[in-house]
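Engineer: Next comes the structure file run.pdb, holding PDB, C-alpha atoms and all ligand atoms.
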MODEL        1
ATOM      1  CA  MET T   1    -194.928  45.524-144.383
ATOM      2  CA  THR T   2    -197.550  47.570-142.596
ATOM      3  CA  MET T   3    -199.006  46.668-139.217
ATOM      4  CA  HIS T   4    -202.355  48.065-138.278
ATOM      5  CA  PHE T   5    -204.008  48.299-134.870
ATOM      6  CA  GLU T   6    -207.288  49.825-133.802
ATOM      7  CA  TYR T   7    -208.565  50.731-130.346
ATOM      8  CA  LYS T   8    -211.781  52.231-129.043
ATOM      9  CA  ILE T   9    -211.801  54.927-126.376
ATOM     10  CA  GLU T  10    -214.707  55.673-124.099
ATOM     11  CA  GLY T  11    -215.032  59.309-122.990
ATOM     12  CA  GLY T  12    -214.821  59.765-119.220
ATOM     13  CA  ASP T  13    -213.370  56.310-118.546
ATOM     14  CA  PHE T  14    -210.015  57.160-116.964
ATOM     15  CA  THR T  15    -209.468  53.614-115.667
ATOM     16  CA  ARG T  16    -208.528  52.445-119.171
ATOM     17  CA  ALA T  17    -206.572  55.533-120.230
ATOM     18  CA  GLY T  18    -203.171  54.459-121.494
ATOM     19  CA  TYR T  19    -204.231  51.000-122.651
ATOM     20  CA  ALA T  20    -203.634  51.668-126.346
ATOM     21  CA  SER T  21    -200.316  53.373-125.591
ATOM     22  CA  SER T  22    -199.058  50.378-123.635
ATOM     23  CA  GLN T  23    -200.130  47.932-126.373
ATOM     24  CA  VAL T  24    -198.392  49.998-129.044
ATOM     25  CA  LYS T  25    -195.302  50.311-126.846
ATOM     26  CA  ARG T  26    -195.180  46.525-126.490
ATOM     27  CA  SER T  27    -195.431  46.001-130.259
ATOM     28  CA  LEU T  28    -192.712  48.552-130.991
ATOM     29  CA  LYS T  29    -190.420  46.887-128.455
ATOM     30  CA  GLN T  30    -190.981  43.526-130.133
ATOM     31  CA  LEU T  31    -190.079  45.129-133.451
ATOM     32  CA  ASN T  32    -186.821  46.365-131.863
ATOM     33  CA  VAL T  33    -187.605  49.994-132.598
ATOM     34  CA  ASP T  34    -185.110  52.479-131.090
ATOM     35  CA  PRO T  35    -186.124  53.150-127.439
ATOM     36  CA  LYS T  36    -185.858  56.913-128.074
ATOM     37  CA  VAL T  37    -188.480  56.607-130.809
ATOM     38  CA  ILE T  38    -190.710  54.453-128.600
ATOM     39  CA  LYS T  39    -190.518  57.084-125.851
ATOM     40  CA  ARG T  40    -191.725  59.810-128.204
ATOM     41  CA  VAL T  41    -194.579  57.646-129.500
ATOM     42  CA  VAL T  42    -195.635  56.795-125.955
ATOM     43  CA  VAL T  43    -195.770  60.425-124.787
ATOM     44  CA  ALA T  44    -197.658  61.606-127.877
ATOM     45  CA  LEU T  45    -200.136  58.726-127.983
ATOM     46  CA  TYR T  46    -200.825  58.759-124.240
ATOM     47  CA  GLU T  47    -201.626  62.476-124.249
ATOM     48  CA  ALA T  48    -203.843  62.106-127.315
ATOM     49  CA  GLU T  49    -205.627  59.142-125.750
ATOM     50  CA  VAL T  50    -206.201  61.025-122.485
ATOM     51  CA  ASN T  51    -207.590  64.012-124.386
ATOM     52  CA  VAL T  52    -210.333  61.857-125.866
ATOM     53  CA  VAL T  53    -211.108  60.442-122.409
ATOM     54  CA  ALA T  54    -211.044  63.884-120.746
ATOM     55  CA  HIS T  55    -212.636  66.074-123.400
ATOM     56  CA  ALA T  56    -214.657  63.932-125.852
ATOM     57  CA  TYR T  57    -217.462  61.354-125.793
ATOM     58  CA  SER T  58    -215.866  58.493-127.687
ATOM     59  CA  GLY T  59    -213.079  57.901-130.123
ATOM     60  CA  ILE T  60    -211.087  55.538-132.267
ATOM     61  CA  ILE T  61    -207.315  55.175-132.453
ATOM     62  CA  GLU T  62    -205.764  53.783-135.604
ATOM     63  CA  VAL T  63    -202.083  52.958-135.566
ATOM     64  CA  TYR T  64    -200.066  52.098-138.678
ATOM     65  CA  ILE T  65    -196.497  50.897-138.360
ATOM     66  CA  ASP T  66    -194.205  50.410-141.355
ATOM     67  CA  THR T  67    -190.436  50.389-141.729
ATOM     68  CA  GLU T  68    -190.259  54.174-141.889
ATOM     69  CA  LYS T  69    -192.791  55.556-139.474
ATOM     70  CA  ILE T  70    -195.461  55.133-136.860
ATOM     71  CA  LYS T  71    -198.661  56.907-137.811
ATOM     72  CA  MET T  72    -201.423  57.421-135.256
ATOM     73  CA  ILE T  73    -204.844  58.769-136.143
ATOM     74  CA  LEU T  74    -207.271  59.639-133.366
ATOM     75  CA  THR T  75    -210.801  60.489-134.404
ATOM     76  CA  ASP T  76    -213.321  61.446-131.760
ATOM     77  CA  LYS T  77    -216.931  62.405-131.400
ATOM     78  CA  GLY T  78    -217.073  65.298-129.011
ATOM     79  CA  PRO T  79    -217.447  69.025-128.476
ATOM     80  CA  GLY T  80    -214.548  69.859-130.791
ATOM     81  CA  ILE T  81    -212.140  72.753-130.293
ATOM     82  CA  SER T  82    -213.250  76.278-131.226
ATOM     83  CA  ASN T  83    -209.806  77.887-131.044
ATOM     84  CA  ILE T  84    -207.061  75.427-131.939
ATOM     85  CA  GLU T  85    -204.275  77.996-131.629
ATOM     86  CA  LEU T  86    -205.299  78.711-128.045
ATOM     87  CA  ALA T  87    -205.691  75.003-127.250
ATOM     88  CA  MET T  88    -202.127  74.427-128.468
ATOM     89  CA  GLU T  89    -200.733  76.944-125.951
ATOM     90  CA  MET T  90    -198.842  75.546-122.999
ATOM     91  CA  GLY T  91    -201.041  75.784-119.904
ATOM     92  CA  PHE T  92    -204.391  76.280-121.637
ATOM     93  CA  SER T  93    -206.987  73.837-120.355
ATOM     94  CA  THR T  94    -210.754  73.568-120.035
ATOM     95  CA  ALA T  95    -210.519  70.439-117.852
ATOM     96  CA  THR T  96    -213.006  70.199-114.984
ATOM     97  CA  PRO T  97    -211.884  70.643-111.362
ATOM     98  CA  GLU T  98    -212.326  66.873-110.763
ATOM     99  CA  VAL T  99    -210.078  66.040-113.681
ATOM    100  CA  ARG T 100    -207.483  68.579-112.498
ATOM    101  CA  GLU T 101    -207.497  67.118-109.022
ATOM    102  CA  MET T 102    -206.392  63.817-110.515
ATOM    103  CA  GLY T 103    -203.379  65.621-111.976
ATOM    104  CA  PHE T 104    -204.715  65.783-115.524
ATOM    105  CA  GLY T 105    -205.616  69.105-117.124
ATOM    106  CA  ALA T 106    -202.260  70.863-116.884
ATOM    107  CA  GLY T 107    -202.688  72.149-120.425
ATOM    108  CA  MET T 108    -199.473  70.453-121.506
ATOM    109  CA  GLY T 109    -200.957  67.625-123.561
ATOM    110  CA  LEU T 110    -201.211  69.143-127.031
ATOM    111  CA  PRO T 111    -197.830  70.948-126.744
ATOM    112  CA  ASN T 112    -196.241  67.646-125.623
ATOM    113  CA  ILE T 113    -197.805  65.804-128.568
ATOM    114  CA  LYS T 114    -196.411  68.353-130.986
ATOM    115  CA  LYS T 115    -192.976  68.270-129.395
ATOM    116  CA  ASN T 116    -192.777  64.479-129.549
ATOM    117  CA  SER T 117    -193.992  64.061-133.122
ATOM    118  CA  ASP T 118    -192.321  64.637-136.491
ATOM    119  CA  GLU T 119    -195.597  65.448-138.215
ATOM    120  CA  PHE T 120    -198.671  66.685-136.419
ATOM    121  CA  LYS T 121    -202.055  67.653-137.805
ATOM    122  CA  ILE T 122    -205.132  68.669-135.880
ATOM    123  CA  GLU T 123    -208.575  69.308-137.324
ATOM    124  CA  SER T 124    -211.673  70.021-135.322
ATOM    125  CA  GLU T 125    -215.282  70.894-135.858
ATOM    126  CA  VAL T 126    -217.265  72.364-132.990
ATOM    127  CA  GLY T 127    -220.134  70.084-131.987
ATOM    128  CA  ILE T 128    -218.815  67.224-134.125
ATOM    129  CA  GLY T 129    -215.356  66.179-133.002
ATOM    130  CA  THR T 130    -211.606  66.308-133.372
ATOM    131  CA  LYS T 131    -209.061  64.450-135.474
ATOM    132  CA  LEU T 132    -205.362  64.200-134.722
ATOM    133  CA  GLU T 133    -202.757  62.777-137.045
ATOM    134  CA  ILE T 134    -199.411  62.094-135.422
ATOM    135  CA  VAL T 135    -196.358  60.717-137.216
ATOM    136  CA  VAL T 136    -193.080  59.671-135.620
ATOM    137  CA  PHE T 137    -190.262  58.565-137.925
ATOM    138  CA  ILE T 138    -188.452  55.388-136.992
ATOM    139  CA  LYS T 139    -185.075  56.692-138.154
ATOM    140  CA  GLN T 140    -184.572  59.978-136.310
TER     141      GLN T 140
ATOM    142  CA  MET X 141    -179.015  52.053-106.118
ATOM    143  CA  LYS X 142    -181.822  49.531-105.719
ATOM    144  CA  VAL X 143    -185.383  50.416-104.678
ATOM    145  CA  SER X 144    -184.957  48.151-101.635
ATOM    146  CA  GLU X 145    -182.063  50.332-100.421
ATOM    147  CA  ILE X 146    -184.153  53.512-100.293
ATOM    148  CA  VAL X 147    -186.922  51.562 -98.543
ATOM    149  CA  LYS X 148    -184.497  50.440 -95.867
ATOM    150  CA  THR X 149    -182.570  53.670 -95.373
ATOM    151  CA  LEU X 150    -185.590  56.010 -95.391
ATOM    152  CA  ASN X 151    -187.862  53.546 -93.608
ATOM    153  CA  LEU X 152    -190.497  53.674 -96.370
ATOM    154  CA  GLU X 153    -193.751  51.760 -96.328
ATOM    155  CA  VAL X 154    -194.083  49.150 -99.127
ATOM    156  CA  TYR X 155    -197.723  49.024-100.230
ATOM    157  CA  SER X 156    -197.418  46.865-103.333
ATOM    158  CA  GLY X 157    -195.300  45.849-106.305
ATOM    159  CA  CYS X 158    -192.722  43.916-104.212
ATOM    160  CA  LYS X 159    -191.537  42.128-107.374
ATOM    161  CA  GLY X 160    -189.893  45.408-108.380
ATOM    162  CA  LEU X 161    -187.863  46.051-105.220
ATOM    163  CA  ASP X 162    -184.722  44.907-107.019
ATOM    164  CA  LYS X 163    -185.049  47.587-109.695
ATOM    165  CA  GLU X 164    -182.230  50.069-110.127
ATOM    166  CA  ILE X 165    -183.003  53.734-109.505
ATOM    167  CA  GLU X 166    -181.505  56.407-111.695
ATOM    168  CA  GLY X 167    -182.566  59.842-110.558
ATOM    169  CA  GLY X 168    -186.016  61.020-109.582
ATOM    170  CA  TYR X 169    -188.890  63.313-110.458
ATOM    171  CA  THR X 170    -191.270  65.149-108.125
ATOM    172  CA  SER X 171    -194.613  66.264-109.561
ATOM    173  CA  ASP X 172    -198.366  65.813-109.189
ATOM    174  CA  LEU X 173    -199.124  66.882-112.759
ATOM    175  CA  LEU X 174    -199.391  63.773-114.900
ATOM    176  CA  SER X 175    -198.529  65.488-118.194
ATOM    177  CA  ASP X 176    -195.438  66.963-116.554
ATOM    178  CA  VAL X 177    -194.289  63.497-115.505
ATOM    179  CA  MET X 178    -195.196  62.096-118.915
ATOM    180  CA  GLY X 179    -193.163  64.784-120.646
ATOM    181  CA  HIS X 180    -190.167  65.064-118.339
ATOM    182  CA  ALA X 181    -189.552  62.018-116.128
ATOM    183  CA  ASP X 182    -186.891  59.577-117.325
ATOM    184  CA  SER X 183    -186.834  55.807-117.221
ATOM    185  CA  GLY X 184    -185.400  54.491-113.960
ATOM    186  CA  ASN X 185    -186.608  57.545-112.008
ATOM    187  CA  VAL X 186    -188.275  57.289-108.648
ATOM    188  CA  TRP X 187    -191.492  59.359-108.838
ATOM    189  CA  ILE X 188    -192.570  61.354-105.789
ATOM    190  CA  THR X 189    -196.251  62.369-105.758
ATOM    191  CA  LEU X 190    -199.485  62.612-103.797
ATOM    192  CA  GLN X 191    -201.599  61.120-106.605
ATOM    193  CA  THR X 192    -202.999  57.736-105.546
ATOM    194  CA  HIS X 193    -205.217  56.628-108.444
ATOM    195  CA  LYS X 194    -204.624  53.893-110.992
ATOM    196  CA  ASN X 195    -203.411  56.199-113.780
ATOM    197  CA  VAL X 196    -200.233  56.694-111.753
ATOM    198  CA  ILE X 197    -199.216  53.101-112.496
ATOM    199  CA  ALA X 198    -200.251  53.376-116.148
ATOM    200  CA  ILE X 199    -197.884  56.338-116.469
ATOM    201  CA  ALA X 200    -195.172  54.733-114.334
ATOM    202  CA  SER X 201    -195.277  51.684-116.594
ATOM    203  CA  LEU X 202    -195.226  53.689-119.839
ATOM    204  CA  LYS X 203    -192.295  55.787-118.542
ATOM    205  CA  GLU X 204    -190.484  52.804-116.971
ATOM    206  CA  ILE X 205    -190.451  54.463-113.562
ATOM    207  CA  ALA X 206    -188.524  52.380-110.978
ATOM    208  CA  ALA X 207    -190.865  53.103-108.057
ATOM    209  CA  VAL X 208    -193.552  55.531-106.885
ATOM    210  CA  VAL X 209    -193.262  57.248-103.492
ATOM    211  CA  LEU X 210    -196.483  58.617-101.999
ATOM    212  CA  VAL X 211    -195.974  61.533 -99.607
ATOM    213  CA  LYS X 212    -197.749  62.809 -96.476
ATOM    214  CA  GLY X 213    -199.169  59.404 -95.544
ATOM    215  CA  TYR X 214    -201.300  59.128 -98.703
ATOM    216  CA  LYS X 215    -202.274  55.520 -99.441
ATOM    217  CA  PRO X 216    -202.805  53.966-102.874
ATOM    218  CA  GLU X 217    -206.309  52.915-103.915
ATOM    219  CA  ALA X 218    -207.024  49.184-104.139
ATOM    220  CA  ASP X 219    -207.003  49.075-107.950
ATOM    221  CA  THR X 220    -203.778  51.095-107.990
ATOM    222  CA  MET X 221    -202.098  48.461-105.802
ATOM    223  CA  ALA X 222    -203.472  45.634-107.962
ATOM    224  CA  GLN X 223    -202.013  47.275-111.064
ATOM    225  CA  SER X 224    -198.705  47.891-109.291
ATOM    226  CA  ASN X 225    -198.465  44.196-108.377
ATOM    227  CA  GLU X 226    -199.239  43.227-111.949
ATOM    228  CA  GLU X 227    -196.607  45.578-113.381
ATOM    229  CA  GLY X 228    -194.043  44.949-110.647
ATOM    230  CA  ILE X 229    -193.671  48.667-109.961
ATOM    231  CA  PRO X 230    -193.383  49.247-106.212
ATOM    232  CA  ILE X 231    -195.599  51.817-104.500
ATOM    233  CA  LEU X 232    -193.827  53.149-101.432
ATOM    234  CA  GLY X 233    -195.017  55.601 -98.807
ATOM    235  CA  THR X 234    -193.813  58.089 -96.236
ATOM    236  CA  ASP X 235    -195.331  60.598 -93.799
ATOM    237  CA  MET X 236    -192.840  63.202 -95.009
ATOM    238  CA  GLU X 237    -193.819  66.052 -97.333
ATOM    239  CA  ALA X 238    -192.595  66.095-100.933
ATOM    240  CA  PHE X 239    -189.879  68.698-100.224
ATOM    241  CA  GLU X 240    -188.313  66.664 -97.440
ATOM    242  CA  ILE X 241    -188.392  63.220 -99.051
ATOM    243  CA  THR X 242    -187.191  64.664-102.347
ATOM    244  CA  GLY X 243    -184.202  66.217-100.562
ATOM    245  CA  LEU X 244    -183.311  62.977 -98.800
ATOM    246  CA  LEU X 245    -183.676  60.935-101.990
ATOM    247  CA  PHE X 246    -181.661  63.478-103.946
ATOM    248  CA  ASN X 247    -178.776  63.158-101.513
ATOM    249  CA  MET X 248    -178.940  59.369-101.533
ATOM    250  CA  ILE X 249    -179.159  59.008-105.302
ATOM    251  CA  LYS X 250    -176.832  61.810-106.397
ATOM    252  CA  GLY X 251    -174.616  61.738-103.321
TER     253      GLY X 251
HETATM  254  N1  LIG M   1    -210.058  65.676-128.294
HETATM  255  C1  LIG M   1    -210.443  66.868-127.816
HETATM  256  N2  LIG M   1    -211.750  67.247-127.869
HETATM  257  C2  LIG M   1    -212.152  68.448-127.407
HETATM  258  N3  LIG M   1    -211.311  69.353-126.851
HETATM  259  C3  LIG M   1    -210.009  69.032-126.769
HETATM  260  C4  LIG M   1    -209.511  67.792-127.246
HETATM  261  N4  LIG M   1    -208.177  67.781-127.043
HETATM  262  C5  LIG M   1    -207.864  68.947-126.470
HETATM  263  N5  LIG M   1    -208.956  69.716-126.307
HETATM  264  C6  LIG M   1    -209.007  71.089-125.767
HETATM  265  O1  LIG M   1    -207.695  71.635-125.761
HETATM  266  C7  LIG M   1    -207.306  71.973-124.421
HETATM  267  C8  LIG M   1    -205.809  71.743-124.245
HETATM  268  O2  LIG M   1    -205.488  70.363-124.363
HETATM  269  P1  LIG M   1    -204.184  69.824-123.641
HETATM  270  O3  LIG M   1    -203.017  70.641-124.070
HETATM  271  O4  LIG M   1    -204.084  68.361-123.865
HETATM  272  O5  LIG M   1    -204.422  70.139-122.116
HETATM  273  P2  LIG M   1    -205.407  69.434-121.048
HETATM  274  O6  LIG M   1    -205.889  68.151-121.640
HETATM  275  O7  LIG M   1    -204.521  69.228-119.878
HETATM  276  O8  LIG M   1    -206.520  70.393-120.772
HETATM  277  C9  LIG M   1    -208.189  71.112-123.531
HETATM  278  O9  LIG M   1    -208.343  71.616-122.238
HETATM  279  C10 LIG M   1    -209.504  71.125-124.341
HETATM  280  O10 LIG M   1    -210.180  72.346-124.136
HETATM  281 MG    MG M   2    -204.603  66.793-122.447
ENDMDL
END
Would you write the structure of this file as structure tokens?

Structural biologist:
Amino acid sequence: MTMHFEYKIEGGDFTRAGYASSQVKRSLKQLNVDPKVIKRVVVALYEAEVNVVAHAYSGIIEVYIDTEKIKMILTDKGPGISNIELAMEMGFSTATPEVREMGFGAGMGLPNIKKNSDEFKIESEVGIGTKLEIVVFIKQ
Amino acid sequence: MKVSEIVKTLNLEVYSGCKGLDKEIEGGYTSDLLSDVMGHADSGNVWITLQTHKNVIAIASLKEIAAVVLVKGYKPEADTMAQSNEEGIPILGTDMEAFEITGLLFNMIKG
């Protein structure tokens, strides 16, 4: 069995940030997935979702759930990331002052995604966009 | 301890989310950085912050926060209150600063 969900993200639209995460959380709860696993998925997916809203123009989230894992692929059109190693550092952020004032832009998103995932891949092309692949195993 | 008990004892304002006043509180987290709350708050926590926008409730819901306490007289925005009512997550308020209300809540919850 594989379940598949897809969501669109609009860059700059903070009012809907977290929508996909809450839908996925609901589905995982219905599937009786271990709450600890759900918590990790929620943190990773929320941060990835917010990054598209805060830093890119538009994006798509694909979520695949099977009996072994939850796989989330976020593909965005946006400025891309020129130095991924730097972006992965705790505290590094290029968020605008307005975004920071809202409490986003602490530079903790990518490190939190990595910490809460079992497999994490990031690819980016400057001027084109960024792709994240996040896997959380159901049996920890 | 129930959310309604901290409201009563600390004389907190209840802006919205009354459905959730019966929720049990387990510990708390004080932060205005959303990623910090996302990464470190636990379910059942009361969240003390000065952020008033709608994303606060999105995060509170994802993290299963028991209630949000706004400090220094900050008031939630209209769409934040609407979302709080929908989710049943109370938004409370106080004129106190974060340091003071956190201390009082710490003593009540841990004490
Ligand atoms: N999808 C993305 N598109 C473009 N840049 C991104 C994207 N995700 C992250 N970044 C870059 O990496 C930095 C660090 O990201 P993150 O750790 O989530 O912190 P924050 O979002 O708080 O700035 C961002 O400030 C931004 O420069
Ligand atoms: Mg981020």

Engineer: On this structure, the PyMOL selection byres (((not hetatm)) within 7 of (chain M and resi 1)) would catch which residues? List them as a ChimeraX atom specification, sorted by chain and number.

Structural biologist: /T:47,51-52,54-56,76,78-81,87-95,104-111,129-130

Engineer: Restricting the calculation to all atoms listed in the file, which member of X:Leu152, X:Glu166, X:Gln223, X:Val208 is positioned closest to chain T?

Structural biologist: X:Gln223

Engineer: I would like the residues chosen by the PyMOL selection byres (((chain T and resi 123) around 12) and not hetatm) on the shown file; could you give them as a list in words?

Structural biologist: Ile73, Leu74, Thr75, Asp76, Gly80, Ile81, Ser82, Asn83, Ile84, Glu85, Ala87, Phe120, Lys121, Ile122, Ser124, Glu125, Val126, Ile128, Gly129, Thr130, Lys131, Leu132, Glu133 and Ile134 of chain T

Engineer: Which residue is closest to chain X? Choose from T:Val43, T:Ile9, T:Ala20, T:Val99 and count only C-alpha atoms.

Structural biologist: T:Val43

Engineer: Skip Gln23 in chain T itself and residues of its chain fewer than 6 positions away, then list as a count of residues only all residues within 12 Å of it, counting all atoms listed in the file.

Structural biologist: 17

Engineer: Between CA of Phe137 in chain T and CA of Trp187 in chain X, what is the distance, to one decimal in Å?

Structural biologist: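 Computing the Euclidean distance for CA of Phe137 in chain T and CA of Trp187 in chain X yields 29.1 Å.
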
Engineer: Smallest atom-to-atom distance to chain T: which of X:Glu240, X:Asp176, X:Glu226, X:Asp235, using all atoms listed in the file?

Structural biologist: X:Asp176

Engineer: Using 12 Å as the limit and counting all atoms listed in the file, can you tabulate each residue of chain X that touches ligand MG 2 (chain M), with its shortest atom-to-atom distance in Å and the two atoms involved, as CSV?

Structural biologist:
residue,atom,partner,partner_atom,distance
X:Leu173,CA,M:MG2,MG,11.1
X:Leu174,CA,M:MG2,MG,9.7
X:Ser175,CA,M:MG2,MG,7.5
X:Asp176,CA,M:MG2,MG,10.9
X:Met178,CA,M:MG2,MG,11.1
X:Gly179,CA,M:MG2,MG,11.8

Engineer: Given the file shown, enumerate the residues that the PyMOL selection byres (((chain X and resi 242) around 10) and not hetatm) captures and present them as a PyMOL selection string.

Structural biologist: chain X and resi 168-170+186-189+209+211+236-241+243-248

Engineer: Only C-alpha atoms, please: the residues just picked out, written as a PDB file, keeping the file's coordinate frame.

Structural biologist:
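part_27.pdb was written with the following content:
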ATOM      1  CA  GLY X 168    -186.016  61.020-109.582  1.00  0.00           C
ATOM      2  CA  TYR X 169    -188.890  63.313-110.458  1.00  0.00           C
ATOM      3  CA  THR X 170    -191.270  65.149-108.125  1.00  0.00           C
ATOM      4  CA  VAL X 186    -188.275  57.289-108.648  1.00  0.00           C
ATOM      5  CA  TRP X 187    -191.492  59.359-108.838  1.00  0.00           C
ATOM      6  CA  ILE X 188    -192.570  61.354-105.789  1.00  0.00           C
ATOM      7  CA  THR X 189    -196.251  62.369-105.758  1.00  0.00           C
ATOM      8  CA  VAL X 209    -193.262  57.248-103.492  1.00  0.00           C
ATOM      9  CA  VAL X 211    -195.974  61.533 -99.607  1.00  0.00           C
ATOM     10  CA  MET X 236    -192.840  63.202 -95.009  1.00  0.00           C
ATOM     11  CA  GLU X 237    -193.819  66.052 -97.333  1.00  0.00           C
ATOM     12  CA  ALA X 238    -192.595  66.095-100.933  1.00  0.00           C
ATOM     13  CA  PHE X 239    -189.879  68.698-100.224  1.00  0.00           C
ATOM     14  CA  GLU X 240    -188.313  66.664 -97.440  1.00  0.00           C
ATOM     15  CA  ILE X 241    -188.392  63.220 -99.051  1.00  0.00           C
ATOM     16  CA  GLY X 243    -184.202  66.217-100.562  1.00  0.00           C
ATOM     17  CA  LEU X 244    -183.311  62.977 -98.800  1.00  0.00           C
ATOM     18  CA  LEU X 245    -183.676  60.935-101.990  1.00  0.00           C
ATOM     19  CA  PHE X 246    -181.661  63.478-103.946  1.00  0.00           C
ATOM     20  CA  ASN X 247    -178.776  63.158-101.513  1.00  0.00           C
ATOM     21  CA  MET X 248    -178.940  59.369-101.533  1.00  0.00           C
TER      22      MET X 248
END

Engineer: List as a PyMOL selection string the protein and nucleic acid residues near Ser224 in chain X, meaning an atom at most 10 Å away when only C-alpha atoms are counted, but skip any in the same chain fewer than 6 places from it.

Structural biologist: chain X and resi 155-160+194+196-198+200-201+207-208+216+218+230-231

Engineer: Write out the residues from the selection above, keeping C-alpha atoms, as a PDB file, keeping the file's coordinate frame.

Structural biologist:
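The resulting file, selection-v6.pdb, is reproduced below:
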ATOM      1  CA  TYR X 155    -197.723  49.024-100.230  1.00  0.00           C
ATOM      2  CA  SER X 156    -197.418  46.865-103.333  1.00  0.00           C
ATOM      3  CA  GLY X 157    -195.300  45.849-106.305  1.00  0.00           C
ATOM      4  CA  CYS X 158    -192.722  43.916-104.212  1.00  0.00           C
ATOM      5  CA  LYS X 159    -191.537  42.128-107.374  1.00  0.00           C
ATOM      6  CA  GLY X 160    -189.893  45.408-108.380  1.00  0.00           C
ATOM      7  CA  LYS X 194    -204.624  53.893-110.992  1.00  0.00           C
ATOM      8  CA  VAL X 196    -200.233  56.694-111.753  1.00  0.00           C
ATOM      9  CA  ILE X 197    -199.216  53.101-112.496  1.00  0.00           C
ATOM     10  CA  ALA X 198    -200.251  53.376-116.148  1.00  0.00           C
ATOM     11  CA  ALA X 200    -195.172  54.733-114.334  1.00  0.00           C
ATOM     12  CA  SER X 201    -195.277  51.684-116.594  1.00  0.00           C
ATOM     13  CA  ALA X 207    -190.865  53.103-108.057  1.00  0.00           C
ATOM     14  CA  VAL X 208    -193.552  55.531-106.885  1.00  0.00           C
ATOM     15  CA  PRO X 216    -202.805  53.966-102.874  1.00  0.00           C
ATOM     16  CA  ALA X 218    -207.024  49.184-104.139  1.00  0.00           C
ATOM     17  CA  PRO X 230    -193.383  49.247-106.212  1.00  0.00           C
ATOM     18  CA  ILE X 231    -195.599  51.817-104.500  1.00  0.00           C
TER      19      ILE X 231
END

Engineer: Using CA of Lys203 in chain X and CA of Gly184 in chain X as the two end points, give the distance in Å to one decimal.

Structural biologist: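 These atoms are spaced 8.4 Å apart.
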
Engineer: If you measure from CA of Asp13 in chain T to CA of Val50 in chain T, what distance in Å do you get, rounded to one decimal?

Structural biologist: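 Rounded to one decimal, the two atoms are 9.4 Å apart.
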
Engineer: Taking only C-alpha atoms into account, name the residue in T:Asn112, T:Met72, T:Arg100, T:Ile138 that is nearest to Asn32 in chain T.

Structural biologist: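 Closest to Asn32 in chain T, using only C-alpha atoms: T:Ile138.
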
Engineer: Please define a box with edges along x, y and z of the file around all atoms of range 115-121 of chain T given in the file, extend it by 3 Å on each side, and return its centre and edge lengths in Å to one decimal, as lines of an AutoDock Vina configuration file.

Structural biologist:
center_x = -197.2
center_y = 66.2
center_z = -133.8
size_x = 15.7
size_y = 10.2
size_z = 14.8

Engineer: From the list T:Gly127, T:Gly18, T:Pro35, T:Gly11, which residue is nearest chain X when using all atoms listed in the file?

Structural biologist: T:Gly18

Engineer: Please determine, counting only C-alpha atoms, which residue among T:Lys139, T:Lys25, T:Lys77, T:Lys69 has the shortest atom-to-atom distance to chain X.

Structural biologist: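 Of all the options, T:Lys25 lies closest to chain X.
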
Engineer: Would you fill out range 175-186 of chain X with N, CA and C atoms and return it as a PDB file, in the coordinates of the input?

Structural biologist:
ATOM      1  N   SER X 175    -199.149  65.138-116.906  1.00  0.00           N
ATOM      2  CA  SER X 175    -198.529  65.488-118.194  1.00  0.00           C
ATOM      3  C   SER X 175    -197.077  65.929-117.999  1.00  0.00           C
ATOM      4  N   ASP X 176    -196.803  66.531-116.865  1.00  0.00           N
ATOM      5  CA  ASP X 176    -195.438  66.963-116.554  1.00  0.00           C
ATOM      6  C   ASP X 176    -194.539  65.737-116.393  1.00  0.00           C
ATOM      7  N   VAL X 177    -195.044  64.743-115.693  1.00  0.00           N
ATOM      8  CA  VAL X 177    -194.289  63.497-115.505  1.00  0.00           C
ATOM      9  C   VAL X 177    -194.126  62.785-116.846  1.00  0.00           C
ATOM     10  N   MET X 178    -195.222  62.733-117.602  1.00  0.00           N
ATOM     11  CA  MET X 178    -195.196  62.096-118.915  1.00  0.00           C
ATOM     12  C   MET X 178    -194.128  62.745-119.808  1.00  0.00           C
ATOM     13  N   GLY X 179    -194.066  64.053-119.767  1.00  0.00           N
ATOM     14  CA  GLY X 179    -193.163  64.784-120.646  1.00  0.00           C
ATOM     15  C   GLY X 179    -191.723  64.847-120.161  1.00  0.00           C
ATOM     16  N   HIS X 180    -191.504  64.742-118.854  1.00  0.00           N
ATOM     17  CA  HIS X 180    -190.167  65.064-118.339  1.00  0.00           C
ATOM     18  C   HIS X 180    -189.487  64.016-117.480  1.00  0.00           C
ATOM     19  N   ALA X 181    -190.224  63.053-116.930  1.00  0.00           N
ATOM     20  CA  ALA X 181    -189.552  62.018-116.128  1.00  0.00           C
ATOM     21  C   ALA X 181    -188.763  61.099-117.055  1.00  0.00           C
ATOM     22  N   ASP X 182    -187.707  60.502-116.534  1.00  0.00           N
ATOM     23  CA  ASP X 182    -186.891  59.577-117.325  1.00  0.00           C
ATOM     24  C   ASP X 182    -187.066  58.149-116.811  1.00  0.00           C
ATOM     25  N   SER X 183    -186.738  57.196-117.663  1.00  0.00           N
ATOM     26  CA  SER X 183    -186.834  55.807-117.221  1.00  0.00           C
ATOM     27  C   SER X 183    -185.829  55.575-116.086  1.00  0.00           C
ATOM     28  N   GLY X 184    -186.245  54.763-115.122  1.00  0.00           N
ATOM     29  CA  GLY X 184    -185.400  54.491-113.960  1.00  0.00           C
ATOM     30  C   GLY X 184    -185.572  55.496-112.825  1.00  0.00           C
ATOM     31  N   ASN X 185    -186.357  56.552-113.069  1.00  0.00           N
ATOM     32  CA  ASN X 185    -186.608  57.545-112.008  1.00  0.00           C
ATOM     33  C   ASN X 185    -187.486  56.975-110.904  1.00  0.00           C
ATOM     34  N   VAL X 186    -187.293  57.491-109.699  1.00  0.00           N
ATOM     35  CA  VAL X 186    -188.275  57.289-108.648  1.00  0.00           C
ATOM     36  C   VAL X 186    -189.192  58.521-108.719  1.00  0.00           C
TER      37      VAL X 186
END
